[in-house]
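First up is the structure itself, then whatever we jot down about it.
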Amino acid sequence: MEKARTVPDSYPLSLNSLMLGCNQKSSRDPLMNLSEAEVADAVSSLKTQQLVRESSGSRVTRFEHNAQRGLGVPEQSAVLLGLLMLRGPQTAAELRLNSERWYKFADISSVEGFLEELQDRPDEKGGPLVVKLAKAPGAREQRWAHLLCGPVDEALWAGAGSARQTEGLALERVARLEAEVADLRATVNRLCAELGIEVAPTAD
């Protein structure tokens with residue numbers, strides 16, 4: 001679903017390309033380390049559910065997703081489900097930001113609208129596909145998670161959310177300290193220039 005939108009010239013995907021996409025380390029949560037045999041088994045399972053189909057016209061067998069039609073959802077909803085599968089629970093604001101290369105949502109409220117439709121999906125259409133998680137300690141907004149693999153362990157994701165927030169605060173503190181050091185360095189350089197003192201080169 002991601003590669004169809006971000007690298008259309010390389011799509012549909014061979015089994016090896018699909019494996020590399022699954023094992024990608026950036027923009028993934030959770031990270032995976034799947035073998036080609038495991039990917040082939042997953043593709044076979046998805047084919048029986050009409051969520052994946054083989055593409056003809058190439059010497060190498062290639063595969064393309066059929067998620068939007070298979071799940072019976074509009075394009076915008078399919079995009080949100082794809083992002084939730086790849087990156088784990090996210091807020092509506094994070095989903096809008098992360099979807100830039102997939103689909104440009106007008107605003108956060110439009111993202112929330114499609115999420116709410118997926119959450120309120122009636123049983124005759126297969127039931128809800130996402131759930132809004134309880135607000136994690138210290139979090140400003142609630143996160144959304146997909147239900148394509150069954151019920152979500154909210155306690156597990158609450159802990160992960162706290163870890164993300166701690167990491168974010170640490171990165172923000174480092175950035176602030178780096179900015180302060182740069183300001184101090186500029187001040188020292190200016191004073192040295194005024195006093196005619198040669199400044200020793202820095203390590204960076």
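In the structure tokens, chains take the letters A, B, ... in the order shown, each chain's residues start at 1, and ligands count up from 1 in the order shown.
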Query raised in the report: Hey, what does DSSP flag as helix (DSSP H, G or I) within range 33-159 of chain A? Can you give it to me as a ChimeraX atom specification?
Result: /A:36-48,67-71,75-87,92-98,108-119,123-125,154-159
Query raised in the report: Got a sec to tell me which of range 34-92 of chain A DSSP assigns to strand (DSSP E or B), as a PyMOL selection string?
Result: chain A and resi 52-55+62-65+90
Requested in this report: Name all residues at most 8 Å from Leu147 in chain A (count only C-alpha atoms; drop same-chain ones fewer than 3 positions away) and give them as a ChimeraX atom specification.
Outcome: /A:128-131,150-152
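Within 9 Å of range 26-33 of chain A there are Met19, Cys22, Asn23, Leu84, Met85, Leu86, Arg87, Gly88 and Pro89 of chain A, counting only C-alpha atoms and ignoring same-chain residues fewer than 3 positions away.
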Mind dumping the selected residues with all heavy atoms as a CSV table (one decimal), in the first residue's frame?
chain,number,residue,atom,x,y,z
A,19,MET,N,9.6,-8.2,0.5
A,19,MET,CA,10.3,-8.6,1.7
A,19,MET,C,11.1,-7.4,2.2
A,19,MET,O,11.1,-7.1,3.5
A,19,MET,CB,11.2,-9.8,1.5
A,19,MET,CG,12.0,-10.2,2.7
A,19,MET,SD,13.2,-11.6,2.4
A,19,MET,CE,14.4,-10.7,1.4
A,22,CYS,N,8.9,-4.9,3.8
A,22,CYS,CA,8.4,-5.4,5.1
A,22,CYS,C,9.5,-5.2,6.2
A,22,CYS,O,9.2,-4.9,7.4
A,22,CYS,CB,8.0,-6.9,5.1
A,22,CYS,SG,6.5,-7.2,4.1
A,23,ASN,N,10.7,-5.4,5.8
A,23,ASN,CA,11.8,-5.3,6.8
A,23,ASN,C,12.5,-4.0,6.9
A,23,ASN,O,13.5,-3.8,7.5
A,23,ASN,CB,12.9,-6.4,6.4
A,23,ASN,CG,12.4,-7.8,6.6
A,23,ASN,OD1,11.5,-8.1,7.4
A,23,ASN,ND2,13.0,-8.7,5.8
A,84,LEU,N,-1.6,3.2,9.9
A,84,LEU,CA,-1.7,2.6,11.2
A,84,LEU,C,-1.0,1.2,11.3
A,84,LEU,O,-0.4,0.8,12.3
A,84,LEU,CB,-3.1,2.5,11.7
A,84,LEU,CG,-3.8,3.8,11.9
A,84,LEU,CD1,-5.3,3.6,12.1
A,84,LEU,CD2,-3.3,4.5,13.2
A,85,MET,N,-1.1,0.4,10.2
A,85,MET,CA,-0.4,-0.9,10.2
A,85,MET,C,1.1,-0.7,10.2
A,85,MET,O,1.8,-1.5,10.8
A,85,MET,CB,-0.9,-1.6,8.9
A,85,MET,CG,-2.3,-2.2,9.0
A,85,MET,SD,-2.7,-3.3,7.6
A,85,MET,CE,-3.1,-2.1,6.4
A,86,LEU,N,1.6,0.3,9.4
A,86,LEU,CA,3.0,0.5,9.3
A,86,LEU,C,3.7,1.1,10.6
A,86,LEU,O,4.8,0.7,10.9
A,86,LEU,CB,3.3,1.4,8.1
A,86,LEU,CG,3.2,0.7,6.7
A,86,LEU,CD1,3.6,1.8,5.7
A,86,LEU,CD2,4.1,-0.5,6.6
A,87,ARG,N,3.0,2.1,11.1
A,87,ARG,CA,3.6,2.9,12.2
A,87,ARG,C,3.0,2.8,13.6
A,87,ARG,O,3.4,3.5,14.5
A,87,ARG,CB,3.6,4.4,11.7
A,87,ARG,CG,4.3,4.7,10.4
A,87,ARG,CD,4.4,6.1,10.2
A,87,ARG,NE,5.1,6.4,8.9
A,87,ARG,CZ,5.8,7.5,8.7
A,87,ARG,NH1,5.8,8.5,9.6
A,87,ARG,NH2,6.4,7.7,7.5
A,88,GLY,N,2.0,1.9,13.7
A,88,GLY,CA,1.4,1.8,15.0
A,88,GLY,C,0.4,2.9,15.3
A,88,GLY,O,0.2,3.8,14.5
A,89,PRO,N,-0.1,2.9,16.6
A,89,PRO,CA,-1.1,3.9,16.9
A,89,PRO,C,-0.6,5.3,16.8
A,89,PRO,O,0.6,5.6,17.1
A,89,PRO,CB,-1.4,3.6,18.4
A,89,PRO,CG,-1.1,2.1,18.5
A,89,PRO,CD,0.0,1.9,17.6
Query raised in the report: range 45-49 of chain A: which residues within 12 Å, counting only C-alpha atoms, same-chain residues fewer than 2 positions away excluded, as a ChimeraX atom specification?
Result: /A:38-43,51-55,63-67,69-71
Query raised in the report: In Å, how far is it from CA of Ser110 in chain A to CA of His146 in chain A?
Result: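 Taking CA of Ser110 in chain A and CA of His146 in chain A, their separation equals 17.6 Å.
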Query raised in the report: Which residue, A:Pro122, A:Gly82, A:Gly21, A:Gly113, has the smallest gap to Ser35 in chain A when you use only C-alpha atoms?
Result: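 Looking only at the distances to Ser35 in chain A, the closest residue turns out to be A:Gly21.
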Query - Near-Tyr103 in chain A list (9 Å; only C-alpha atoms; drop same-chain fewer than 4 positions) as a list in words - result: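 Counting only the stated atoms, we get Arg5, Glu75, Gln76, Val79, Arg96 and Ser99 of chain A.
Going from CA of Leu95 in chain A over to CA of Val111 in chain A, you cover 7.6 Å.
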